[in-house]
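Content type PDB, C-alpha atoms, from the file start-v3.pdb:
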```pdb
ATOM      1  CA  MET N   1     -72.720  30.075 -21.843  1.00  0.00           C
ATOM      2  CA  GLU N   2     -70.313  31.704 -24.277  1.00  0.00           C
ATOM      3  CA  THR N   3     -71.149  31.794 -27.977  1.00  0.00           C
ATOM      4  CA  GLN N   4     -68.715  32.148 -30.863  1.00  0.00           C
ATOM      5  CA  PHE N   5     -69.000  32.109 -34.630  1.00  0.00           C
ATOM      6  CA  VAL N   6     -67.098  29.757 -36.911  1.00  0.00           C
ATOM      7  CA  THR N   7     -67.090  29.507 -40.668  1.00  0.00           C
ATOM      8  CA  ASP N   8     -69.012  26.523 -42.068  1.00  0.00           C
ATOM      9  CA  VAL N   9     -66.656  24.327 -44.101  1.00  0.00           C
ATOM     10  CA  VAL N  10     -69.233  23.635 -46.832  1.00  0.00           C
ATOM     11  CA  THR N  11     -71.073  26.954 -47.246  1.00  0.00           C
ATOM     12  CA  GLY N  12     -68.429  29.347 -45.992  1.00  0.00           C
ATOM     13  CA  GLU N  13     -71.043  31.147 -43.907  1.00  0.00           C
ATOM     14  CA  PRO N  14     -70.617  31.956 -40.236  1.00  0.00           C
ATOM     15  CA  ILE N  15     -72.331  29.570 -37.812  1.00  0.00           C
ATOM     16  CA  ARG N  16     -73.077  30.353 -34.215  1.00  0.00           C
ATOM     17  CA  VAL N  17     -71.653  27.695 -31.865  1.00  0.00           C
ATOM     18  CA  ASN N  18     -71.718  27.143 -28.140  1.00  0.00           C
ATOM     19  CA  LEU N  19     -68.386  26.463 -26.551  1.00  0.00           C
ATOM     20  CA  SER N  20     -69.691  23.717 -24.341  1.00  0.00           C
ATOM     21  CA  MET N  21     -70.837  20.730 -26.334  1.00  0.00           C
ATOM     22  CA  ASP N  22     -71.689  17.217 -25.279  1.00  0.00           C
ATOM     23  CA  TYR N  23     -70.350  14.207 -27.110  1.00  0.00           C
ATOM     24  CA  GLN N  24     -73.547  13.569 -29.111  1.00  0.00           C
ATOM     25  CA  GLU N  25     -73.494  17.145 -30.449  1.00  0.00           C
ATOM     26  CA  TYR N  26     -69.853  16.686 -31.342  1.00  0.00           C
ATOM     27  CA  LEU N  27     -70.658  13.498 -33.281  1.00  0.00           C
ATOM     28  CA  GLU N  28     -73.492  15.175 -35.190  1.00  0.00           C
ATOM     29  CA  LEU N  29     -71.334  18.163 -36.081  1.00  0.00           C
ATOM     30  CA  ALA N  30     -68.450  15.954 -37.192  1.00  0.00           C
ATOM     31  CA  LYS N  31     -70.721  13.797 -39.377  1.00  0.00           C
ATOM     32  CA  LYS N  32     -72.445  16.849 -40.868  1.00  0.00           C
ATOM     33  CA  ASN N  33     -69.122  18.398 -41.853  1.00  0.00           C
ATOM     34  CA  ASP N  34     -67.375  15.130 -42.810  1.00  0.00           C
ATOM     35  CA  LEU N  35     -64.731  15.674 -40.143  1.00  0.00           C
ATOM     36  CA  PRO N  36     -62.664  12.795 -38.856  1.00  0.00           C
ATOM     37  CA  LEU N  37     -63.689  11.652 -35.411  1.00  0.00           C
ATOM     38  CA  THR N  38     -60.984  11.632 -32.825  1.00  0.00           C
ATOM     39  CA  PRO N  39     -60.776   8.256 -31.152  1.00  0.00           C
ATOM     40  CA  THR N  40     -62.109   8.072 -27.661  1.00  0.00           C
ATOM     41  CA  SER N  41     -59.704   7.077 -24.970  1.00  0.00           C
ATOM     42  CA  THR N  42     -60.196   5.818 -21.482  1.00  0.00           C
ATOM     43  CA  ILE N  43     -57.719   6.694 -18.806  1.00  0.00           C
ATOM     44  CA  GLN N  44     -57.577   4.061 -16.143  1.00  0.00           C
ATOM     45  CA  GLU N  45     -56.516   5.440 -12.811  1.00  0.00           C
ATOM     46  CA  ARG N  46     -54.544   3.131 -10.604  1.00  0.00           C
ATOM     47  CA  ASN N  47     -55.500   2.356  -7.079  1.00  0.00           C
ATOM     48  CA  PRO N  48     -53.351   4.331  -4.591  1.00  0.00           C
ATOM     49  CA  LEU N  49     -52.518   1.054  -2.841  1.00  0.00           C
ATOM     50  CA  ASP N  50     -51.030  -0.423  -6.046  1.00  0.00           C
ATOM     51  CA  TRP N  51     -47.623   0.979  -5.127  1.00  0.00           C
ATOM     52  CA  TYR N  52     -47.487  -1.026  -1.912  1.00  0.00           C
ATOM     53  CA  SER N  53     -48.923  -4.226  -3.331  1.00  0.00           C
ATOM     54  CA  LEU N  54     -46.608  -4.148  -6.355  1.00  0.00           C
ATOM     55  CA  THR N  55     -43.579  -3.398  -4.199  1.00  0.00           C
ATOM     56  CA  GLU N  56     -44.404  -6.336  -1.948  1.00  0.00           C
ATOM     57  CA  SER N  57     -45.172  -8.652  -4.862  1.00  0.00           C
ATOM     58  CA  ALA N  58     -42.008  -7.817  -6.803  1.00  0.00           C
ATOM     59  CA  SER N  59     -39.868  -8.087  -3.689  1.00  0.00           C
ATOM     60  CA  SER N  60     -41.474 -11.369  -2.653  1.00  0.00           C
ATOM     61  CA  ILE N  61     -40.992 -12.936  -6.087  1.00  0.00           C
ATOM     62  CA  LEU N  62     -37.345 -11.888  -6.318  1.00  0.00           C
ATOM     63  CA  ASN N  63     -36.543 -12.958  -2.760  1.00  0.00           C
ATOM     64  CA  GLY N  64     -38.369 -16.226  -3.424  1.00  0.00           C
ATOM     65  CA  LEU N  65     -36.091 -16.848  -6.387  1.00  0.00           C
ATOM     66  CA  VAL N  66     -32.991 -16.136  -4.293  1.00  0.00           C
ATOM     67  CA  ALA N  67     -34.164 -18.513  -1.568  1.00  0.00           C
ATOM     68  CA  LEU N  68     -35.213 -21.263  -3.974  1.00  0.00           C
ATOM     69  CA  ALA N  69     -31.963 -21.069  -5.963  1.00  0.00           C
ATOM     70  CA  SER N  70     -29.862 -21.126  -2.779  1.00  0.00           C
ATOM     71  CA  ARG N  71     -31.772 -24.039  -1.248  1.00  0.00           C
ATOM     72  CA  GLU N  72     -31.738 -26.106  -4.440  1.00  0.00           C
ATOM     73  CA  HIS N  73     -28.041 -25.373  -4.972  1.00  0.00           C
ATOM     74  CA  MET N  74     -27.267 -26.770  -1.518  1.00  0.00           C
ATOM     75  CA  LYS N  75     -29.413 -29.861  -2.176  1.00  0.00           C
ATOM     76  CA  GLU N  76     -27.731 -30.474  -5.519  1.00  0.00           C
ATOM     77  CA  GLN N  77     -24.260 -30.097  -3.989  1.00  0.00           C
ATOM     78  CA  ASP N  78     -25.096 -32.677  -1.315  1.00  0.00           C
ATOM     79  CA  LYS N  79     -25.777 -35.352  -3.943  1.00  0.00           C
ATOM     80  CA  ALA N  80     -23.153 -37.984  -4.623  1.00  0.00           C
ATOM     81  CA  ASP N  81     -22.951 -36.946  -8.276  1.00  0.00           C
ATOM     82  CA  PRO N  82     -24.169 -33.324  -8.544  1.00  0.00           C
ATOM     83  CA  ASP N  83     -25.413 -32.066 -11.910  1.00  0.00           C
ATOM     84  CA  GLN N  84     -22.881 -29.356 -12.760  1.00  0.00           C
ATOM     85  CA  LYS N  85     -25.162 -27.823 -15.388  1.00  0.00           C
ATOM     86  CA  ARG N  86     -27.980 -27.491 -12.827  1.00  0.00           C
ATOM     87  CA  LEU N  87     -25.563 -26.000 -10.268  1.00  0.00           C
ATOM     88  CA  ALA N  88     -24.420 -23.351 -12.776  1.00  0.00           C
ATOM     89  CA  GLU N  89     -28.052 -22.629 -13.690  1.00  0.00           C
ATOM     90  CA  LEU N  90     -28.975 -22.106 -10.030  1.00  0.00           C
ATOM     91  CA  ILE N  91     -25.964 -19.866  -9.412  1.00  0.00           C
ATOM     92  CA  GLU N  92     -26.921 -17.679 -12.376  1.00  0.00           C
ATOM     93  CA  LEU N  93     -30.558 -17.552 -11.289  1.00  0.00           C
ATOM     94  CA  ARG N  94     -29.537 -16.483  -7.794  1.00  0.00           C
ATOM     95  CA  LYS N  95     -27.154 -13.803  -9.125  1.00  0.00           C
ATOM     96  CA  GLU N  96     -29.819 -12.411 -11.469  1.00  0.00           C
ATOM     97  CA  ALA N  97     -32.458 -12.303  -8.717  1.00  0.00           C
ATOM     98  CA  ILE N  98     -30.072 -10.590  -6.276  1.00  0.00           C
ATOM     99  CA  ALA N  99     -29.128  -8.019  -8.929  1.00  0.00           C
ATOM    100  CA  ALA N 100     -32.828  -7.344  -9.600  1.00  0.00           C
ATOM    101  CA  VAL N 101     -33.569  -6.918  -5.881  1.00  0.00           C
ATOM    102  CA  ASN N 102     -30.655  -4.502  -5.491  1.00  0.00           C
ATOM    103  CA  ASN N 103     -31.568  -2.461  -8.587  1.00  0.00           C
ATOM    104  CA  ASN N 104     -33.539   0.525  -7.261  1.00  0.00           C
ATOM    105  CA  GLU N 105     -34.861   1.254 -10.762  1.00  0.00           C
ATOM    106  CA  ASN N 106     -36.972  -1.914 -10.497  1.00  0.00           C
ATOM    107  CA  PHE N 107     -38.942  -0.289  -7.677  1.00  0.00           C
ATOM    108  CA  ALA N 108     -39.039   3.283  -9.012  1.00  0.00           C
ATOM    109  CA  SER N 109     -42.376   3.107 -10.849  1.00  0.00           C
ATOM    110  CA  LEU N 110     -45.547   1.041 -11.023  1.00  0.00           C
ATOM    111  CA  GLU N 111     -44.830   0.145 -14.641  1.00  0.00           C
ATOM    112  CA  ARG N 112     -41.338  -1.122 -13.854  1.00  0.00           C
ATOM    113  CA  MET N 113     -42.606  -3.224 -10.953  1.00  0.00           C
ATOM    114  CA  ASP N 114     -45.253  -4.685 -13.282  1.00  0.00           C
ATOM    115  CA  GLU N 115     -42.451  -5.622 -15.696  1.00  0.00           C
ATOM    116  CA  VAL N 116     -40.420  -7.263 -12.920  1.00  0.00           C
ATOM    117  CA  ILE N 117     -43.432  -9.296 -11.794  1.00  0.00           C
ATOM    118  CA  LYS N 118     -44.277 -10.348 -15.365  1.00  0.00           C
ATOM    119  CA  LYS N 119     -40.679 -11.376 -16.008  1.00  0.00           C
ATOM    120  CA  TYR N 120     -39.783 -13.209 -12.807  1.00  0.00           C
ATOM    121  CA  SER N 121     -43.099 -14.695 -11.660  1.00  0.00           C
ATOM    122  CA  PRO N 122     -43.156 -17.306 -14.474  1.00  0.00           C
ATOM    123  CA  ILE N 123     -39.521 -18.168 -13.734  1.00  0.00           C
ATOM    124  CA  LEU N 124     -40.352 -18.762 -10.061  1.00  0.00           C
ATOM    125  CA  GLN N 125     -43.377 -20.865 -10.988  1.00  0.00           C
ATOM    126  CA  ALA N 126     -41.339 -22.904 -13.479  1.00  0.00           C
ATOM    127  CA  GLU N 127     -38.640 -23.570 -10.872  1.00  0.00           C
ATOM    128  CA  LYS N 128     -41.265 -24.681  -8.364  1.00  0.00           C
ATOM    129  CA  LYS N 129     -42.746 -27.070 -10.971  1.00  0.00           C
ATOM    130  CA  LYS N 130     -39.299 -28.609 -11.489  1.00  0.00           C
ATOM    131  CA  LEU N 131     -39.273 -29.488  -7.794  1.00  0.00           C
ATOM    132  CA  GLN N 132     -42.648 -31.251  -7.974  1.00  0.00           C
ATOM    133  CA  ILE N 133     -41.586 -33.614 -10.742  1.00  0.00           C
TER     134      ILE N 133
END
```
Could you rewrite the structure in this file as structure tokens?
Amino acid sequence: METQFVTDVVTGEPIRVNLSMDYQEYLELAKKNDLPLTPTSTIQERNPLDWYSLTESASSILNGLVALASREHMKEQDKADPDQKRLAELIELRKEAIAAVNNNENFASLERMDEVIKKYSPILQAEKKKLQI
């Protein structure tokens, strides 16, 4: 174990210190010398399979939106008096979902795929609820 000397903040005298210190020793030293404690942080490692599951989830949600919008658009058009506002809404939804599927940036990182899922999953669920009413 390597030993070094540091100057005590209060007394100005040299203090012998070990370079390897556990967290409890660090806390005691910091309290003794009235030093601010650095906040602890936890780094959460992602599962190596997250990439595949997020890719599949994001792709499935976006393709589900394309399919739902296309199917509902056809159903609405077949009505005797189609709701033009609903038709325009479905066309826009389909265009947005297709653009998201074709945007490679949406599948470039785990964080971006998380964002895509958080954005489009509620939209897909809301559209499915509209069909159940």
* Structure fact -> One decimal place gives the CA of Asn63 (chain N)-CA of Gln132 (chain N) separation as 20.0 Å
Contact check, region 31-105 of chain N to region 7-14 of chain N, at most 12 Å, counting all atoms listed in the file, closest pairs as a Markdown table:
```
| residue | atom | partner | partner_atom | distance |
| --- | --- | --- | --- | --- |
| N:Lys32 | CA | N:Val10 | CA | 9.6 |
| N:Asn33 | CA | N:Val9 | CA | 6.8 |
| N:Asp34 | CA | N:Val9 | CA | 9.3 |
| N:Leu35 | CA | N:Val9 | CA | 9.7 |
```
* Asked: So which residues are close to (-64.6, 17.1, -33.9), meaning at most 6 Å away in the file's coordinates with all atoms listed in the file counted, and can you show them as an NGL selection string?
  -> :N and (26 or 30 or 37)
Can you tell me which residues surround region 99-113 of chain N at a distance of at most 7 Å, considering only C-alpha atoms, apart from same-chain residues fewer than 6 positions away, and format the answer as a PDB file with C-alpha atoms, keeping the file's coordinate frame?
```
ATOM      1  CA  TRP N  51     -47.623   0.979  -5.127  1.00  0.00           C
ATOM      2  CA  LEU N  54     -46.608  -4.148  -6.355  1.00  0.00           C
ATOM      3  CA  THR N  55     -43.579  -3.398  -4.199  1.00  0.00           C
ATOM      4  CA  ALA N  58     -42.008  -7.817  -6.803  1.00  0.00           C
ATOM      5  CA  SER N  59     -39.868  -8.087  -3.689  1.00  0.00           C
ATOM      6  CA  LEU N  62     -37.345 -11.888  -6.318  1.00  0.00           C
TER       7      LEU N  62
END
```
* To do: Find the spatial neighbours of Gly64 (chain N), counting all atoms listed in the file, within a cut-off of 10 Å - ignore same-chain residues fewer than 4 positions away - and output them as a list in words.
  =>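 Listed by chain and then number, they are Ala58, Ser59, Ser60, Leu68, Ala69, Ser70, Arg94, Ala97, Tyr120, Ser121 and Leu124 of chain N.
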* **Separation of CA of Val66 (chain N) from CA of Glu127 (chain N) in Å** =>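 Going from CA of Glu127 (chain N) over to CA of Val66 (chain N), I get 11.4 Å.
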* Using only C-alpha atoms, find the one residue out of N:Leu65, N:Glu76, N:Gln4, N:Lys95 that sits nearest to Pro122 (chain N). => N:Leu65
* To do: Could you check which of N:Lys118, N:Ala126, N:Glu92, N:Leu131 is closest to Ser57 (chain N), using only C-alpha atoms?
  => N:Lys118
* CA of Glu25 (chain N) to CA of Val6 (chain N), straight-line distance in Å ->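 CA of Glu25 (chain N) lies 15.5 Å from CA of Val6 (chain N).
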With 8 Å of padding per side, what axis-aligned box (centre and edge lengths, Å, one decimal) covers all the listed atoms of region 68-82 of chain N? Give it as AutoDock Vina command-line options.
```
--center_x -29.1 --center_y -29.5 --center_z -4.9 --size_x 28.3 --size_y 32.9 --size_z 23.3
```
* Structure fact -> In terms of all atoms listed in the file, the residue from N:Lys129, N:Glu96, N:Ile91, N:Ile15 at minimal distance from Gln77 (chain N) is N:Ile91
For N, CA and C atoms, please extract region 33-76 of chain N from the block and return it as a PDB file, in the first residue's frame.
```
ATOM      1  N   ASN N  33     -12.785  17.205   8.489  1.00  0.00           N
ATOM      2  CA  ASN N  33     -12.222  18.399   7.863  1.00  0.00           C
ATOM      3  C   ASN N  33     -13.269  19.328   7.263  1.00  0.00           C
ATOM      4  N   ASP N  34     -14.538  19.092   7.581  1.00  0.00           N
ATOM      5  CA  ASP N  34     -15.645  19.918   7.074  1.00  0.00           C
ATOM      6  C   ASP N  34     -15.596  20.076   5.555  1.00  0.00           C
ATOM      7  N   LEU N  35     -15.339  18.971   4.872  1.00  0.00           N
ATOM      8  CA  LEU N  35     -15.301  18.982   3.412  1.00  0.00           C
ATOM      9  C   LEU N  35     -16.671  18.584   2.870  1.00  0.00           C
ATOM     10  N   PRO N  36     -17.050  19.162   1.766  1.00  0.00           N
ATOM     11  CA  PRO N  36     -18.335  18.751   1.185  1.00  0.00           C
ATOM     12  C   PRO N  36     -18.236  17.315   0.666  1.00  0.00           C
ATOM     13  N   LEU N  37     -19.294  16.582   0.891  1.00  0.00           N
ATOM     14  CA  LEU N  37     -19.335  15.200   0.400  1.00  0.00           C
ATOM     15  C   LEU N  37     -19.798  15.202  -1.040  1.00  0.00           C
ATOM     16  N   THR N  38     -19.111  14.465  -1.851  1.00  0.00           N
ATOM     17  CA  THR N  38     -19.560  14.332  -3.233  1.00  0.00           C
ATOM     18  C   THR N  38     -20.739  13.382  -3.251  1.00  0.00           C
ATOM     19  N   PRO N  39     -21.760  13.689  -3.996  1.00  0.00           N
ATOM     20  CA  PRO N  39     -22.919  12.804  -4.024  1.00  0.00           C
ATOM     21  C   PRO N  39     -22.561  11.456  -4.637  1.00  0.00           C
ATOM     22  N   THR N  40     -23.160  10.441  -4.076  1.00  0.00           N
ATOM     23  CA  THR N  40     -22.936   9.113  -4.635  1.00  0.00           C
ATOM     24  C   THR N  40     -23.793   8.969  -5.880  1.00  0.00           C
ATOM     25  N   SER N  41     -23.329   8.188  -6.783  1.00  0.00           N
ATOM     26  CA  SER N  41     -24.104   7.948  -7.997  1.00  0.00           C
ATOM     27  C   SER N  41     -24.078   6.464  -8.306  1.00  0.00           C
ATOM     28  N   THR N  42     -25.159   6.015  -8.867  1.00  0.00           N
ATOM     29  CA  THR N  42     -25.267   4.622  -9.253  1.00  0.00           C
ATOM     30  C   THR N  42     -25.369   4.570 -10.764  1.00  0.00           C
ATOM     31  N   ILE N  43     -24.535   3.790 -11.352  1.00  0.00           N
ATOM     32  CA  ILE N  43     -24.578   3.613 -12.799  1.00  0.00           C
ATOM     33  C   ILE N  43     -25.298   2.312 -13.076  1.00  0.00           C
ATOM     34  N   GLN N  44     -26.403   2.425 -13.771  1.00  0.00           N
ATOM     35  CA  GLN N  44     -27.177   1.239 -14.087  1.00  0.00           C
ATOM     36  C   GLN N  44     -26.779   0.748 -15.469  1.00  0.00           C
ATOM     37  N   GLU N  45     -26.236  -0.445 -15.499  1.00  0.00           N
ATOM     38  CA  GLU N  45     -25.853  -1.020 -16.783  1.00  0.00           C
ATOM     39  C   GLU N  45     -27.077  -1.650 -17.419  1.00  0.00           C
ATOM     40  N   ARG N  46     -27.167  -1.506 -18.712  1.00  0.00           N
ATOM     41  CA  ARG N  46     -28.298  -2.060 -19.434  1.00  0.00           C
ATOM     42  C   ARG N  46     -27.990  -3.492 -19.826  1.00  0.00           C
ATOM     43  N   ASN N  47     -29.035  -4.240 -19.919  1.00  0.00           N
ATOM     44  CA  ASN N  47     -28.936  -5.624 -20.346  1.00  0.00           C
ATOM     45  C   ASN N  47     -28.512  -5.646 -21.815  1.00  0.00           C
ATOM     46  N   PRO N  48     -27.570  -6.512 -22.187  1.00  0.00           N
ATOM     47  CA  PRO N  48     -27.127  -6.574 -23.590  1.00  0.00           C
ATOM     48  C   PRO N  48     -28.272  -6.892 -24.571  1.00  0.00           C
ATOM     49  N   LEU N  49     -29.312  -7.519 -24.081  1.00  0.00           N
ATOM     50  CA  LEU N  49     -30.441  -7.849 -24.964  1.00  0.00           C
ATOM     51  C   LEU N  49     -31.414  -6.681 -25.131  1.00  0.00           C
ATOM     52  N   ASP N  50     -31.209  -5.582 -24.398  1.00  0.00           N
ATOM     53  CA  ASP N  50     -32.087  -4.421 -24.516  1.00  0.00           C
ATOM     54  C   ASP N  50     -32.144  -3.901 -25.949  1.00  0.00           C
ATOM     55  N   TRP N  51     -31.021  -3.933 -26.636  1.00  0.00           N
ATOM     56  CA  TRP N  51     -30.981  -3.416 -28.007  1.00  0.00           C
ATOM     57  C   TRP N  51     -32.009  -4.137 -28.878  1.00  0.00           C
ATOM     58  N   TYR N  52     -32.039  -5.448 -28.782  1.00  0.00           N
ATOM     59  CA  TYR N  52     -32.946  -6.233 -29.613  1.00  0.00           C
ATOM     60  C   TYR N  52     -34.396  -6.045 -29.191  1.00  0.00           C
ATOM     61  N   SER N  53     -34.641  -6.058 -27.894  1.00  0.00           N
ATOM     62  CA  SER N  53     -36.025  -5.915 -27.437  1.00  0.00           C
ATOM     63  C   SER N  53     -36.563  -4.515 -27.740  1.00  0.00           C
ATOM     64  N   LEU N  54     -35.726  -3.489 -27.587  1.00  0.00           N
ATOM     65  CA  LEU N  54     -36.194  -2.138 -27.899  1.00  0.00           C
ATOM     66  C   LEU N  54     -36.393  -1.937 -29.395  1.00  0.00           C
ATOM     67  N   THR N  55     -35.513  -2.523 -30.196  1.00  0.00           N
ATOM     68  CA  THR N  55     -35.687  -2.427 -31.647  1.00  0.00           C
ATOM     69  C   THR N  55     -37.007  -3.064 -32.061  1.00  0.00           C
ATOM     70  N   GLU N  56     -37.265  -4.254 -31.538  1.00  0.00           N
ATOM     71  CA  GLU N  56     -38.509  -4.950 -31.874  1.00  0.00           C
ATOM     72  C   GLU N  56     -39.730  -4.199 -31.360  1.00  0.00           C
ATOM     73  N   SER N  57     -39.648  -3.679 -30.148  1.00  0.00           N
ATOM     74  CA  SER N  57     -40.788  -2.957 -29.575  1.00  0.00           C
ATOM     75  C   SER N  57     -41.094  -1.685 -30.359  1.00  0.00           C
ATOM     76  N   ALA N  58     -40.055  -0.892 -30.627  1.00  0.00           N
ATOM     77  CA  ALA N  58     -40.263   0.358 -31.369  1.00  0.00           C
ATOM     78  C   ALA N  58     -40.809   0.068 -32.762  1.00  0.00           C
ATOM     79  N   SER N  59     -40.228  -0.902 -33.429  1.00  0.00           N
ATOM     80  CA  SER N  59     -40.680  -1.264 -34.766  1.00  0.00           C
ATOM     81  C   SER N  59     -42.121  -1.766 -34.755  1.00  0.00           C
ATOM     82  N   SER N  60     -42.438  -2.600 -33.790  1.00  0.00           N
ATOM     83  CA  SER N  60     -43.792  -3.152 -33.684  1.00  0.00           C
ATOM     84  C   SER N  60     -44.827  -2.056 -33.435  1.00  0.00           C
ATOM     85  N   ILE N  61     -44.507  -1.130 -32.551  1.00  0.00           N
ATOM     86  CA  ILE N  61     -45.442  -0.039 -32.247  1.00  0.00           C
ATOM     87  C   ILE N  61     -45.663   0.828 -33.483  1.00  0.00           C
ATOM     88  N   LEU N  62     -44.591   1.202 -34.162  1.00  0.00           N
ATOM     89  CA  LEU N  62     -44.726   2.058 -35.337  1.00  0.00           C
ATOM     90  C   LEU N  62     -45.457   1.348 -36.473  1.00  0.00           C
ATOM     91  N   ASN N  63     -45.113   0.083 -36.706  1.00  0.00           N
ATOM     92  CA  ASN N  63     -45.815  -0.667 -37.755  1.00  0.00           C
ATOM     93  C   ASN N  63     -47.274  -0.903 -37.377  1.00  0.00           C
ATOM     94  N   GLY N  64     -47.536  -1.063 -36.084  1.00  0.00           N
ATOM     95  CA  GLY N  64     -48.916  -1.199 -35.621  1.00  0.00           C
ATOM     96  C   GLY N  64     -49.722   0.056 -35.902  1.00  0.00           C
ATOM     97  N   LEU N  65     -49.093   1.209 -35.721  1.00  0.00           N
ATOM     98  CA  LEU N  65     -49.778   2.467 -36.034  1.00  0.00           C
ATOM     99  C   LEU N  65     -50.075   2.599 -37.524  1.00  0.00           C
ATOM    100  N   VAL N  66     -49.110   2.210 -38.352  1.00  0.00           N
ATOM    101  CA  VAL N  66     -49.316   2.264 -39.808  1.00  0.00           C
ATOM    102  C   VAL N  66     -50.482   1.360 -40.192  1.00  0.00           C
ATOM    103  N   ALA N  67     -50.484   0.148 -39.684  1.00  0.00           N
ATOM    104  CA  ALA N  67     -51.542  -0.810 -40.015  1.00  0.00           C
ATOM    105  C   ALA N  67     -52.908  -0.337 -39.514  1.00  0.00           C
ATOM    106  N   LEU N  68     -52.951   0.124 -38.272  1.00  0.00           N
ATOM    107  CA  LEU N  68     -54.220   0.579 -37.704  1.00  0.00           C
ATOM    108  C   LEU N  68     -54.763   1.776 -38.481  1.00  0.00           C
ATOM    109  N   ALA N  69     -53.896   2.754 -38.773  1.00  0.00           N
ATOM    110  CA  ALA N  69     -54.343   3.941 -39.501  1.00  0.00           C
ATOM    111  C   ALA N  69     -54.829   3.576 -40.902  1.00  0.00           C
ATOM    112  N   SER N  70     -54.140   2.669 -41.565  1.00  0.00           N
ATOM    113  CA  SER N  70     -54.544   2.253 -42.916  1.00  0.00           C
ATOM    114  C   SER N  70     -55.882   1.524 -42.891  1.00  0.00           C
ATOM    115  N   ARG N  71     -56.021   0.588 -41.969  1.00  0.00           N
ATOM    116  CA  ARG N  71     -57.254  -0.195 -41.848  1.00  0.00           C
ATOM    117  C   ARG N  71     -58.447   0.702 -41.504  1.00  0.00           C
ATOM    118  N   GLU N  72     -58.253   1.585 -40.534  1.00  0.00           N
ATOM    119  CA  GLU N  72     -59.359   2.457 -40.116  1.00  0.00           C
ATOM    120  C   GLU N  72     -59.707   3.481 -41.198  1.00  0.00           C
ATOM    121  N   HIS N  73     -58.715   3.903 -41.964  1.00  0.00           N
ATOM    122  CA  HIS N  73     -58.964   4.819 -43.073  1.00  0.00           C
ATOM    123  C   HIS N  73     -59.864   4.150 -44.114  1.00  0.00           C
ATOM    124  N   MET N  74     -59.552   2.887 -44.422  1.00  0.00           N
ATOM    125  CA  MET N  74     -60.378   2.152 -45.392  1.00  0.00           C
ATOM    126  C   MET N  74     -61.803   1.962 -44.865  1.00  0.00           C
ATOM    127  N   LYS N  75     -61.944   1.637 -43.595  1.00  0.00           N
ATOM    128  CA  LYS N  75     -63.274   1.463 -42.998  1.00  0.00           C
ATOM    129  C   LYS N  75     -64.065   2.764 -43.044  1.00  0.00           C
ATOM    130  N   GLU N  76     -63.403   3.859 -42.722  1.00  0.00           N
ATOM    131  CA  GLU N  76     -64.080   5.158 -42.707  1.00  0.00           C
ATOM    132  C   GLU N  76     -64.496   5.557 -44.115  1.00  0.00           C
TER     133      GLU N  76
END
```
